[in-house]
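*Asks:* Input file: data_5.tsv. Contents: TSV, C-alpha atoms.
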```
chain	number	residue	atom	x	y	z
X	1	MET	CA	136.71	111.65	123.92
X	2	SER	CA	133.79	112.80	126.02
X	3	THR	CA	135.04	115.32	128.58
X	4	VAL	CA	131.69	115.82	130.32
X	5	ARG	CA	130.57	113.57	133.14
X	6	ASP	CA	127.12	112.07	132.84
X	7	GLY	CA	124.70	113.11	135.57
X	8	VAL	CA	122.95	109.84	136.29
X	9	LEU	CA	119.58	108.93	137.72
X	10	THR	CA	119.57	106.66	140.71
X	11	ARG	CA	118.25	103.15	140.25
X	12	GLY	CA	115.22	104.04	142.32
X	13	ALA	CA	114.47	107.09	140.17
X	14	ARG	CA	114.66	105.05	136.98
X	15	GLY	CA	112.40	102.40	138.48
X	16	ALA	CA	109.87	105.01	139.59
X	17	GLY	CA	109.99	106.62	136.15
X	18	ALA	CA	109.33	103.29	134.47
X	19	LEU	CA	106.33	102.64	136.73
X	20	ILE	CA	104.85	106.07	136.00
X	21	CYS	CA	105.32	105.55	132.27
X	22	LEU	CA	103.49	102.23	132.47
X	23	LEU	CA	100.59	103.88	134.29
X	24	LEU	CA	100.39	106.58	131.60
X	25	ALA	CA	100.35	103.92	128.90
X	26	LEU	CA	97.63	101.93	130.65
X	27	LEU	CA	95.35	104.96	131.03
X	28	SER	CA	95.47	105.78	127.32
X	29	ALA	CA	95.33	102.14	126.27
X	30	GLY	CA	92.17	101.67	128.32
X	31	TRP	CA	90.37	104.37	126.33
X	32	ILE	CA	91.55	102.88	123.04
X	33	ILE	CA	90.08	99.55	124.12
X	34	ARG	CA	86.85	101.36	125.01
X	35	ASP	CA	86.65	102.88	121.52
X	36	LEU	CA	87.17	99.47	119.97
X	37	ALA	CA	84.38	98.09	122.15
X	38	VAL	CA	81.77	100.70	121.15
X	39	ALA	CA	82.67	100.75	117.45
X	40	GLU	CA	80.50	98.80	115.04
X	41	HIS	CA	83.65	97.78	113.16
X	42	SER	CA	87.22	97.94	114.43
X	43	ALA	CA	88.20	99.88	111.30
X	44	ASP	CA	85.87	102.69	112.37
X	45	VAL	CA	88.32	103.62	115.13
X	46	TRP	CA	91.11	103.90	112.56
X	47	TRP	CA	89.02	106.14	110.31
X	48	ALA	CA	88.02	108.26	113.30
X	49	TRP	CA	91.71	108.78	114.07
X	50	LEU	CA	92.17	109.92	110.47
X	51	GLY	CA	89.54	112.63	110.83
X	52	GLU	CA	86.30	110.94	109.79
X	53	THR	CA	83.21	112.43	111.48
X	54	ARG	CA	81.22	109.19	111.85
X	55	ARG	CA	80.09	108.56	115.41
X	56	PRO	CA	80.25	105.19	117.19
X	57	ARG	CA	76.61	105.25	118.36
X	58	GLU	CA	73.96	107.64	119.64
X	59	PHE	CA	74.64	109.71	122.78
X	60	THR	CA	78.30	108.82	122.89
X	61	ALA	CA	81.53	109.92	121.23
X	62	TRP	CA	84.98	108.72	120.41
X	63	ALA	CA	87.42	109.11	123.26
X	64	THR	CA	90.76	108.90	121.46
X	65	SER	CA	92.52	110.48	118.51
X	66	ALA	CA	95.58	109.61	116.43
X	67	LEU	CA	97.79	111.07	119.18
X	68	ASP	CA	96.72	108.55	121.83
X	69	PRO	CA	98.33	105.39	120.38
X	70	LEU	CA	101.53	107.38	119.96
X	71	LEU	CA	101.41	108.44	123.61
X	72	VAL	CA	100.98	104.77	124.55
X	73	LEU	CA	103.98	103.73	122.44
X	74	GLY	CA	106.03	106.66	123.72
X	75	ALA	CA	105.27	105.79	127.35
X	76	LEU	CA	106.19	102.14	126.79
X	77	ALA	CA	109.44	103.14	125.03
X	78	ALA	CA	110.33	105.49	127.90
X	79	ALA	CA	109.66	102.71	130.41
X	80	VAL	CA	111.94	100.32	128.50
X	81	ALA	CA	114.65	103.00	128.39
X	82	GLN	CA	114.59	103.23	132.19
X	83	MET	CA	115.04	99.50	132.61
X	84	ARG	CA	117.91	99.10	130.13
X	85	THR	CA	121.27	99.84	131.69
X	86	ALA	CA	122.78	100.21	128.21
X	87	VAL	CA	120.76	103.41	127.73
X	88	ALA	CA	122.72	106.43	128.95
X	89	SER	CA	121.19	108.00	132.02
X	90	SER	CA	120.91	111.42	130.38
X	91	VAL	CA	118.96	109.87	127.50
X	92	ALA	CA	116.67	108.03	129.92
X	93	ALA	CA	116.01	111.28	131.77
X	94	GLY	CA	115.34	113.00	128.44
X	95	ALA	CA	112.77	110.33	127.57
X	96	LEU	CA	110.91	111.03	130.83
X	97	LEU	CA	111.01	114.80	130.31
X	98	SER	CA	109.87	114.57	126.68
X	99	LEU	CA	106.95	112.31	127.54
X	100	ALA	CA	105.92	114.53	130.46
X	101	ALA	CA	106.05	117.67	128.32
X	102	ALA	CA	103.97	116.09	125.54
X	103	VAL	CA	101.34	114.78	127.97
X	104	ALA	CA	101.09	118.11	129.79
X	105	LEU	CA	100.76	120.21	126.62
X	106	LEU	CA	98.18	117.94	124.99
X	107	ARG	CA	96.06	117.28	128.09
X	108	ILE	CA	95.88	120.68	129.83
X	109	PRO	CA	92.96	122.12	127.75
X	110	LEU	CA	90.87	119.01	128.38
X	111	VAL	CA	90.55	119.95	132.05
X	112	TRP	CA	88.06	122.70	131.16
X	113	VAL	CA	86.81	121.24	127.86
X	114	LEU	CA	85.49	118.09	129.53
X	115	GLY	CA	83.63	120.21	132.08
X	116	ALA	CA	82.00	122.51	129.53
X	117	ASP	CA	78.22	122.88	129.35
X	118	TRP	CA	78.08	122.02	125.66
X	119	LEU	CA	79.11	118.41	126.46
X	120	GLN	CA	76.01	117.77	128.57
X	121	GLY	CA	74.37	115.87	125.71
X	122	LEU	CA	76.88	113.05	126.21
X	123	ASP	CA	76.90	110.45	128.93
X	124	GLY	CA	77.85	112.33	132.08
X	125	GLY	CA	79.64	109.32	133.51
X	126	LEU	CA	81.73	109.03	130.36
X	127	THR	CA	82.89	112.65	130.43
X	128	GLY	CA	83.51	112.38	134.16
X	129	TRP	CA	85.78	109.37	133.73
X	130	ALA	CA	87.57	111.10	130.85
X	131	ARG	CA	88.20	114.17	132.95
X	132	LEU	CA	89.45	112.03	135.83
X	133	THR	CA	91.82	110.31	133.39
X	134	VAL	CA	93.15	113.66	132.21
X	135	LEU	CA	93.75	114.85	135.78
X	136	ALA	CA	95.53	111.58	136.59
X	137	GLN	CA	97.75	111.86	133.52
X	138	LEU	CA	98.65	115.45	134.35
X	139	ALA	CA	99.55	114.38	137.88
X	140	LEU	CA	101.70	111.57	136.50
X	141	ALA	CA	103.41	113.99	134.10
X	142	ALA	CA	104.20	116.29	137.02
X	143	ALA	CA	105.54	113.26	138.90
X	144	LEU	CA	107.93	112.55	136.02
X	145	PHE	CA	109.34	116.07	136.29
X	146	VAL	CA	109.83	115.54	140.03
X	147	VAL	CA	111.50	112.17	139.50
X	148	VAL	CA	114.04	113.64	137.07
X	149	ALA	CA	114.69	116.69	139.26
X	150	ALA	CA	115.02	114.80	142.54
X	151	GLY	CA	116.55	111.56	141.28
X	152	ARG	CA	119.78	112.92	139.84
X	153	ARG	CA	123.19	112.22	141.28
X	154	ARG	CA	126.59	113.07	139.90
X	155	SER	CA	129.11	110.45	138.87
X	156	PRO	CA	131.87	110.39	141.47
X	157	GLY	CA	134.55	110.91	138.84
X	158	ARG	CA	137.31	109.40	140.96
X	159	PRO	CA	139.35	106.58	139.57
X	160	GLY	CA	139.06	103.37	141.48
X	161	ARG	CA	141.95	101.27	142.63
X	162	HIS	CA	142.59	98.56	140.08
X	163	THR	CA	145.23	95.88	139.94
X	164	ALA	CA	146.70	94.08	137.00
X	165	GLY	CA	145.19	90.69	137.66
X	166	GLY	CA	145.06	88.49	140.72
X	167	PRO	CA	142.43	88.37	143.46
X	168	ALA	CA	141.03	91.50	145.01
X	169	GLY	CA	143.46	93.03	147.46
X	170	ALA	CA	146.53	91.33	145.92
X	171	VAL	CA	149.23	93.79	144.79
X	172	ALA	CA	151.55	92.66	142.00
X	173	PRO	CA	155.00	94.28	141.62
X	174	VAL	CA	154.72	96.62	138.64
X	175	TYR	CA	156.79	99.40	137.15
X	176	GLY	CA	153.97	101.89	136.66
X	177	VAL	CA	150.27	102.55	136.42
X	178	VAL	CA	148.69	104.65	133.67
X	179	ARG	CA	145.20	105.77	132.79
X	180	ALA	CA	143.51	104.02	129.92
X	181	VAL	CA	142.97	106.18	126.84
X	182	PRO	CA	139.48	105.73	125.36
X	183	SER	CA	138.86	106.18	121.68
X	184	VAL	CA	138.18	109.70	120.46
X	185	VAL	CA	134.48	110.10	119.66
X	186	GLY	CA	133.96	113.84	119.96
X	187	PRO	CA	132.77	116.12	122.78
X	188	GLY	CA	129.39	115.72	124.39
X	189	ARG	CA	127.49	113.78	126.99
X	190	PRO	CA	126.94	110.05	126.54
X	191	GLY	CA	123.95	109.57	124.26
X	192	SER	CA	124.27	112.99	122.63
X	193	PRO	CA	123.64	112.97	118.87
X	194	TYR	CA	126.46	113.35	116.37
X	195	ARG	CA	126.71	116.62	114.47
X	196	GLY	CA	125.08	115.40	111.27
X	197	PRO	CA	121.88	113.93	112.75
X	198	ALA	CA	121.66	116.77	115.27
X	199	GLY	CA	121.87	119.39	112.53
X	200	THR	CA	119.28	117.60	110.42
X	201	ALA	CA	116.84	117.34	113.31
X	202	ALA	CA	117.39	120.96	114.36
X	203	VAL	CA	116.76	122.36	110.88
X	204	LEU	CA	113.71	120.23	110.08
X	205	LEU	CA	112.08	120.55	113.50
X	206	GLY	CA	112.77	124.27	113.60
X	207	ALA	CA	111.26	124.77	110.14
X	208	THR	CA	108.23	122.64	111.02
X	209	GLY	CA	107.65	124.53	114.26
X	210	ILE	CA	107.88	127.88	112.48
X	211	VAL	CA	105.44	126.72	109.79
X	212	LEU	CA	102.88	125.51	112.34
X	213	ALA	CA	103.25	128.66	114.40
X	214	GLY	CA	102.82	130.73	111.24
X	215	TRP	CA	99.55	128.98	110.45
X	216	GLU	CA	98.25	129.67	113.95
X	217	ILE	CA	99.09	133.36	113.56
X	218	HIS	CA	97.37	133.34	110.18
X	219	TRP	CA	94.18	131.77	111.55
X	220	ARG	CA	94.17	134.17	114.48
X	221	GLN	CA	94.17	137.11	112.07
X	222	GLN	CA	91.84	135.47	109.57
X	223	LEU	CA	89.15	134.31	112.00
X	224	GLY	CA	89.38	136.96	114.64
X	225	TRP	CA	89.78	136.25	118.32
X	226	TYR	CA	86.16	135.17	118.94
X	227	LEU	CA	86.20	132.31	116.41
X	228	TYR	CA	89.87	131.47	116.92
X	229	ARG	CA	89.27	131.17	120.67
X	230	LYS	CA	86.76	128.37	120.03
X	231	GLY	CA	89.41	126.33	118.23
X	232	LEU	CA	91.99	127.18	120.86
X	233	LEU	CA	90.07	126.60	124.09
X	234	GLY	CA	87.37	124.23	122.82
X	235	ASP	CA	83.85	124.45	121.45
X	236	ALA	CA	81.14	122.10	120.21
X	237	SER	CA	81.84	123.16	116.61
X	238	VAL	CA	85.43	121.81	116.75
X	239	PHE	CA	84.87	118.84	119.09
X	240	ARG	CA	86.09	115.50	117.70
X	241	ALA	CA	87.01	113.21	120.61
X	242	LEU	CA	87.01	113.37	124.39
X	243	LEU	CA	90.80	113.16	124.74
X	244	GLN	CA	91.67	115.19	121.64
X	245	PRO	CA	92.81	118.77	122.30
X	246	PRO	CA	91.10	121.60	120.37
X	247	VAL	CA	92.44	121.96	116.85
X	248	HIS	CA	94.31	125.24	117.30
X	249	TRP	CA	95.63	124.24	120.71
X	250	GLN	CA	97.00	121.06	119.15
X	251	GLY	CA	98.73	123.00	116.39
X	252	ALA	CA	100.27	125.44	118.87
X	253	ALA	CA	101.36	122.62	121.22
X	254	LEU	CA	103.05	120.72	118.40
X	255	ALA	CA	104.83	123.90	117.33
X	256	VAL	CA	106.16	124.36	120.88
X	257	LEU	CA	107.33	120.73	121.06
X	258	ALA	CA	109.03	121.00	117.65
X	259	LEU	CA	110.82	124.25	118.49
X	260	GLY	CA	111.90	122.95	121.90
X	261	ALA	CA	113.31	119.76	120.38
X	262	ALA	CA	115.03	121.82	117.66
X	263	ALA	CA	116.73	124.00	120.28
X	264	ALA	CA	117.91	120.91	122.17
X	265	ALA	CA	119.23	119.34	118.95
X	266	LEU	CA	121.03	122.57	118.07
X	267	ARG	CA	122.88	122.35	121.40
X	268	ARG	CA	123.42	118.60	120.90
X	269	ALA	CA	122.00	117.99	124.36
X	270	ALA	CA	121.67	114.38	125.44
X	271	LEU	CA	117.90	114.78	125.81
X	272	SER	CA	117.59	116.02	122.20
X	273	ARG	CA	117.26	112.51	120.75
X	274	PRO	CA	114.20	111.45	122.81
X	275	ALA	CA	112.78	114.96	122.47
X	276	ALA	CA	113.16	114.82	118.68
X	277	LEU	CA	111.66	111.33	118.53
X	278	THR	CA	108.65	112.43	120.60
X	279	ALA	CA	108.02	115.59	118.60
X	280	ALA	CA	108.57	113.88	115.25
X	281	ALA	CA	106.17	111.02	116.03
X	282	LEU	CA	103.40	113.44	117.00
X	283	LEU	CA	104.11	115.63	113.96
X	284	LEU	CA	104.00	112.59	111.69
X	285	ALA	CA	100.53	111.71	112.97
X	286	HIS	CA	99.43	115.33	112.58
X	287	GLY	CA	100.74	115.51	109.01
X	288	ALA	CA	99.33	112.10	108.09
X	289	VAL	CA	95.83	113.08	109.25
X	290	ALA	CA	96.04	116.29	107.23
X	291	LEU	CA	97.24	114.36	104.18
X	292	VAL	CA	94.37	111.89	104.39
X	293	HIS	CA	91.86	114.70	104.76
X	294	THR	CA	93.34	116.53	101.76
X	295	ALA	CA	93.43	113.37	99.63
X	296	ARG	CA	89.84	112.38	100.45
X	297	ALA	CA	88.71	115.89	99.49
X	298	GLY	CA	90.34	115.38	96.06
X	299	ALA	CA	92.63	118.36	96.48
X	300	PHE	CA	95.71	116.68	95.04
X	301	GLY	CA	93.89	115.86	91.78
X	302	ARG	CA	92.98	119.50	91.17
X	303	LEU	CA	95.80	121.24	92.97
X	304	ALA	CA	96.32	123.86	90.25
X	305	ALA	CA	92.69	124.95	90.45
X	306	LEU	CA	92.75	125.49	94.21
X	307	SER	CA	93.25	128.80	95.94
X	308	LEU	CA	96.70	129.78	97.14
X	309	ARG	CA	95.77	129.08	100.75
X	310	SER	CA	94.49	125.59	99.92
X	311	GLN	CA	97.68	124.87	98.00
X	312	LEU	CA	99.74	126.03	100.96
X	313	GLU	CA	97.72	123.82	103.32
X	314	ALA	CA	98.30	120.78	101.11
X	315	GLY	CA	101.99	121.60	100.82
X	316	THR	CA	102.24	122.05	104.58
X	317	ALA	CA	100.74	118.61	105.18
X	318	VAL	CA	103.28	117.02	102.83
X	319	PHE	CA	106.18	118.95	104.36
X	320	VAL	CA	105.23	118.19	107.97
X	321	ALA	CA	104.84	114.47	107.31
X	322	ALA	CA	108.08	114.23	105.27
X	323	ALA	CA	110.10	116.31	107.75
X	324	ALA	CA	108.82	114.29	110.71
X	325	LEU	CA	109.77	111.03	109.01
X	326	ALA	CA	113.27	112.33	108.27
X	327	VAL	CA	113.70	113.48	111.88
X	328	LEU	CA	112.60	110.07	113.14
X	329	LEU	CA	115.31	108.41	111.05
X	330	ALA	CA	117.96	110.91	112.17
X	331	ALA	CA	117.08	110.82	115.87
X	332	ALA	CA	116.89	107.02	115.93
X	333	ARG	CA	120.62	106.75	115.16
X	334	PRO	CA	122.82	105.89	118.16
X	335	GLY	CA	124.44	108.75	120.02
X	336	LEU	CA	127.89	109.17	121.52
X	337	PRO	CA	129.07	106.13	123.50
X	338	ASP	CA	129.57	106.30	127.25
X	339	THR	CA	133.33	106.57	127.88
X	340	SER	CA	133.10	107.55	131.55
X	341	ARG	CA	134.18	104.09	132.66
X	342	ASP	CA	137.21	104.24	130.39
X	343	LEU	CA	138.22	107.53	131.98
X	344	ASP	CA	138.43	105.87	135.39
X	345	ALA	CA	140.17	102.72	134.20
X	346	VAL	CA	143.86	102.28	134.99
X	347	ARG	CA	146.34	99.77	133.70
X	348	ALA	CA	149.34	98.39	135.58
X	349	TYR	CA	152.35	97.17	133.64
X	350	GLY	CA	156.03	96.40	133.93
X	351	SER	CA	156.15	93.26	136.09
X	352	ALA	CA	158.75	91.99	133.60
X	353	PRO	CA	161.04	93.90	131.18
X	354	GLY	CA	159.61	92.28	128.07
X	355	GLU	CA	155.94	92.55	129.07
X	356	ALA	CA	153.56	94.31	126.66
X	357	ARG	CA	152.68	97.81	127.84
X	358	PRO	CA	150.07	100.36	126.83
X	359	PRO	CA	151.18	102.32	123.74
X	360	HIS	CA	151.05	105.64	125.60
X	361	ALA	CA	153.13	104.46	128.59
X	362	PRO	CA	156.91	104.87	128.96
X	363	PRO	CA	158.91	101.62	128.84
X	364	PRO	CA	160.28	100.10	132.06
X	365	PRO	CA	164.08	99.98	132.45
X	366	SER	CA	165.91	97.12	130.79
X	367	ARG	CA	167.26	96.07	134.19
X	368	LEU	CA	164.84	96.08	137.07
X	369	PRO	CA	166.04	97.45	140.41
X	370	PRO	CA	167.43	95.00	142.99
X	371	GLY	CA	164.74	93.19	144.95
X	372	TRP	CA	162.00	93.85	142.36
```
Mind turning this structure into structure tokens?
*Replies:*
Amino acid sequence: MSTVRDGVLTRGARGAGALICLLLALLSAGWIIRDLAVAEHSADVWWAWLGETRRPREFTAWATSALDPLLVLGALAAAVAQMRTAVASSVAAGALLSLAAAVALLRIPLVWVLGADWLQGLDGGLTGWARLTVLAQLALAAALFVVVAAGRRRSPGRPGRHTAGGPAGAVAPVYGVVRAVPSVVGPGRPGSPYRGPAGTAAVLLGATGIVLAGWEIHWRQQLGWYLYRKGLLGDASVFRALLQPPVHWQGAALAVLALGAAAAALRRAALSRPAALTAAALLLAHGAVALVHTARAGAFGRLAALSLRSQLEAGTAVFVAAAALAVLLAAARPGLPDTSRDLDAVRAYGSAPGEARPPHAPPPPSRLPPGW
């Protein structure tokens, strides 16, 4: 039985969160539509998301990467979670926090990248609109944090007055009133993951985060700070799309998201399921892009002839994609049911000696008192 009350979001907070999520989805979806409009073939956008270097046309660039459609889907899923009353409030709040964290981490470097001098060869209006989009999304992400922080209220936790049938206000003569006993489902907040899925997500996300962080440390030592800084803070040599973070920033941000979701899953927090889903979806896209790049380079066909570092890169791509897929399956499983209503429910019994009573209640006397 859950012994922890669920801190719930007010109806207004959930409505505001859903509206903000829809705005985030619309901003990213608009740039995806723009890429489809400037592409010679619709499939070119797909190949650009998978790391191809082909450009849509002269003096312009792709705006989106493989992360953008996932942010759109994540924002829409978070909006739906706010509108569904069946979704535990702690899970709905976790969906807002996970989306806000992902948007903030992936969009922050674009504030200065889109204003850099080396982008002057592109359409100035295009980069200006992209930067305005980034600032708007960061503001919306901050608004999600505010909504979750300011929109919480505690469940009252006081049992209501219930009667055993009849119209409201009518009091039937009964022998006793007992609390209902909900089924035993284990400790934790409503929506928290069970031990098995939580352990799986914690181990896989933790290992993935450590691996990605290890690669960033390796590249920092291998390249030196001057070259590594270009991939971390942005440079023309690593530029791929207007809304795509620099390559090393993206790797570090995904490592932070994975480790944060792993820590939440280890504690079996209610927000760990949406956090794991968010991190796993982004990691799956990251691993899939790396796999496609490795396969198109023919590395898997001559794996034994490659250097140790190339073998480790190929193995990392396979591991990240496989681990992310496993986490998605584990985090998608339902969490603990909400038994808070059962805790407040009461049952009246004993209006007649032979009446059925709750199994945990004492029986009424065989002879009722005079005047009963």
*Asks:* Nearest to Thr10 (chain X): which of X:Ala305, X:Met83, X:Val292, X:Ile210 is it, counting all atoms listed in the file?
*Replies:*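 Checking each of X:Ala305, X:Met83, X:Val292, X:Ile210 against Thr10 (chain X), counting all atoms listed in the file, the winner is X:Met83.
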*Asks:* Could you give me, as a tab-separated table, a per-residue list for region 95-127 of chain X showing, wherever an atom lies at most 10 Å from an atom of region 268-284 of chain X, the closest pair of atoms and their distance in Å to one decimal, using all atoms listed in the file and sorting by chain then residue number from low to high?
*Replies:*
```
residue	atom	partner	partner_atom	distance
X:Ala95	CA	X:Pro274	CA	5.1
X:Leu96	CA	X:Pro274	CA	8.7
X:Leu97	CA	X:Ala275	CA	8.0
X:Ser98	CA	X:Ala275	CA	5.1
X:Leu99	CA	X:Thr278	CA	7.1
X:Ala101	CA	X:Ala275	CA	9.3
X:Ala102	CA	X:Thr278	CA	7.7
```
*Asks:* Just to confirm, what's the straight-line distance from CA of Tyr194 (chain X) to CA of Gln82 (chain X) in Å (one decimal)?
*Replies:*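 Distance reported for this atom pair: 22.2 Å.
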*Asks:* Which residues, written as a ChimeraX atom specification, have at least one atom at most 8 Å from Leu27 (chain X), with all atoms listed in the file counted and residues fewer than 3 positions away on the same chain left out?
*Replies:* /X:23-24,30-31,133,137
*Asks:* Can you work out which one of X:Leu223, X:Leu140, X:Ala201, X:Leu106 has the shortest atom-to-atom distance to Leu328 (chain X), counting all atoms listed in the file?
*Replies:*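 When distances to Leu328 (chain X) are compared using all atoms listed in the file, the smallest one comes from X:Ala201.
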*Asks:* Any idea what's packed within 12 Å of Leu22 (chain X), counting all atoms listed in the file, ignoring anything in its chain fewer than 6 positions away? Could you give it as a VMD selection string?
*Replies:* chain X and resid 15 to 16 28 to 29 71 to 83 96 99 137 140 to 141 144
*Asks:* Kindly add N, CA, C and O atoms to the incomplete region 206-223 of chain X and provide the output as a PDB file, in the frame of the given file.
*Replies:*
```pdb
ATOM      1  N   GLY X 206     112.928 122.827 113.519  1.00  0.00           N
ATOM      2  CA  GLY X 206     112.770 124.270 113.600  1.00  0.00           C
ATOM      3  C   GLY X 206     111.883 124.812 112.487  1.00  0.00           C
ATOM      4  O   GLY X 206     110.993 125.649 112.724  1.00  0.00           O
ATOM      5  N   ALA X 207     112.093 124.325 111.258  1.00  0.00           N
ATOM      6  CA  ALA X 207     111.260 124.770 110.140  1.00  0.00           C
ATOM      7  C   ALA X 207     109.813 124.345 110.328  1.00  0.00           C
ATOM      8  O   ALA X 207     108.878 125.126 110.071  1.00  0.00           O
ATOM      9  N   THR X 208     109.600 123.120 110.806  1.00  0.00           N
ATOM     10  CA  THR X 208     108.230 122.640 111.020  1.00  0.00           C
ATOM     11  C   THR X 208     107.540 123.454 112.111  1.00  0.00           C
ATOM     12  O   THR X 208     106.365 123.830 111.970  1.00  0.00           O
ATOM     13  N   GLY X 209     108.238 123.726 113.194  1.00  0.00           N
ATOM     14  CA  GLY X 209     107.650 124.530 114.260  1.00  0.00           C
ATOM     15  C   GLY X 209     107.294 125.922 113.804  1.00  0.00           C
ATOM     16  O   GLY X 209     106.232 126.464 114.159  1.00  0.00           O
ATOM     17  N   ILE X 210     108.155 126.530 112.993  1.00  0.00           N
ATOM     18  CA  ILE X 210     107.880 127.880 112.480  1.00  0.00           C
ATOM     19  C   ILE X 210     106.668 127.853 111.555  1.00  0.00           C
ATOM     20  O   ILE X 210     105.811 128.757 111.586  1.00  0.00           O
ATOM     21  N   VAL X 211     106.584 126.826 110.715  1.00  0.00           N
ATOM     22  CA  VAL X 211     105.440 126.720 109.790  1.00  0.00           C
ATOM     23  C   VAL X 211     104.133 126.575 110.557  1.00  0.00           C
ATOM     24  O   VAL X 211     103.136 127.260 110.261  1.00  0.00           O
ATOM     25  N   LEU X 212     104.111 125.702 111.561  1.00  0.00           N
ATOM     26  CA  LEU X 212     102.880 125.510 112.340  1.00  0.00           C
ATOM     27  C   LEU X 212     102.517 126.772 113.111  1.00  0.00           C
ATOM     28  O   LEU X 212     101.337 127.147 113.189  1.00  0.00           O
ATOM     29  N   ALA X 213     103.517 127.415 113.688  1.00  0.00           N
ATOM     30  CA  ALA X 213     103.250 128.660 114.400  1.00  0.00           C
ATOM     31  C   ALA X 213     102.740 129.740 113.439  1.00  0.00           C
ATOM     32  O   ALA X 213     101.848 130.523 113.782  1.00  0.00           O
ATOM     33  N   GLY X 214     103.292 129.763 112.233  1.00  0.00           N
ATOM     34  CA  GLY X 214     102.820 130.730 111.240  1.00  0.00           C
ATOM     35  C   GLY X 214     101.363 130.512 110.874  1.00  0.00           C
ATOM     36  O   GLY X 214     100.605 131.491 110.703  1.00  0.00           O
ATOM     37  N   TRP X 215     100.949 129.260 110.744  1.00  0.00           N
ATOM     38  CA  TRP X 215      99.550 128.980 110.450  1.00  0.00           C
ATOM     39  C   TRP X 215      98.641 129.410 111.601  1.00  0.00           C
ATOM     40  O   TRP X 215      97.534 129.923 111.365  1.00  0.00           O
ATOM     41  N   GLU X 216      99.077 129.220 112.827  1.00  0.00           N
ATOM     42  CA  GLU X 216      98.250 129.670 113.950  1.00  0.00           C
ATOM     43  C   GLU X 216      98.116 131.186 113.966  1.00  0.00           C
ATOM     44  O   GLU X 216      97.035 131.718 114.247  1.00  0.00           O
ATOM     45  N   ILE X 217      99.175 131.894 113.650  1.00  0.00           N
ATOM     46  CA  ILE X 217      99.090 133.360 113.560  1.00  0.00           C
ATOM     47  C   ILE X 217      98.156 133.766 112.426  1.00  0.00           C
ATOM     48  O   ILE X 217      97.347 134.703 112.547  1.00  0.00           O
ATOM     49  N   HIS X 218      98.247 133.040 111.311  1.00  0.00           N
ATOM     50  CA  HIS X 218      97.370 133.340 110.180  1.00  0.00           C
ATOM     51  C   HIS X 218      95.896 133.148 110.552  1.00  0.00           C
ATOM     52  O   HIS X 218      95.052 134.012 110.262  1.00  0.00           O
ATOM     53  N   TRP X 219      95.576 132.025 111.196  1.00  0.00           N
ATOM     54  CA  TRP X 219      94.180 131.770 111.550  1.00  0.00           C
ATOM     55  C   TRP X 219      93.691 132.736 112.614  1.00  0.00           C
ATOM     56  O   TRP X 219      92.500 133.113 112.622  1.00  0.00           O
ATOM     57  N   ARG X 220      94.567 133.166 113.491  1.00  0.00           N
ATOM     58  CA  ARG X 220      94.170 134.170 114.480  1.00  0.00           C
ATOM     59  C   ARG X 220      93.769 135.470 113.788  1.00  0.00           C
ATOM     60  O   ARG X 220      92.764 136.109 114.153  1.00  0.00           O
ATOM     61  N   GLN X 221      94.511 135.882 112.792  1.00  0.00           N
ATOM     62  CA  GLN X 221      94.170 137.110 112.070  1.00  0.00           C
ATOM     63  C   GLN X 221      92.995 136.916 111.135  1.00  0.00           C
ATOM     64  O   GLN X 221      92.183 137.826 110.951  1.00  0.00           O
ATOM     65  N   GLN X 222      92.898 135.729 110.541  1.00  0.00           N
ATOM     66  CA  GLN X 222      91.840 135.470 109.570  1.00  0.00           C
ATOM     67  C   GLN X 222      90.471 135.323 110.236  1.00  0.00           C
ATOM     68  O   GLN X 222      89.462 135.833 109.734  1.00  0.00           O
ATOM     69  N   LEU X 223      90.418 134.607 111.343  1.00  0.00           N
ATOM     70  CA  LEU X 223      89.150 134.310 112.000  1.00  0.00           C
ATOM     71  C   LEU X 223      88.736 135.352 113.019  1.00  0.00           C
ATOM     72  O   LEU X 223      87.549 135.459 113.340  1.00  0.00           O
TER      73      LEU X 223
END
```
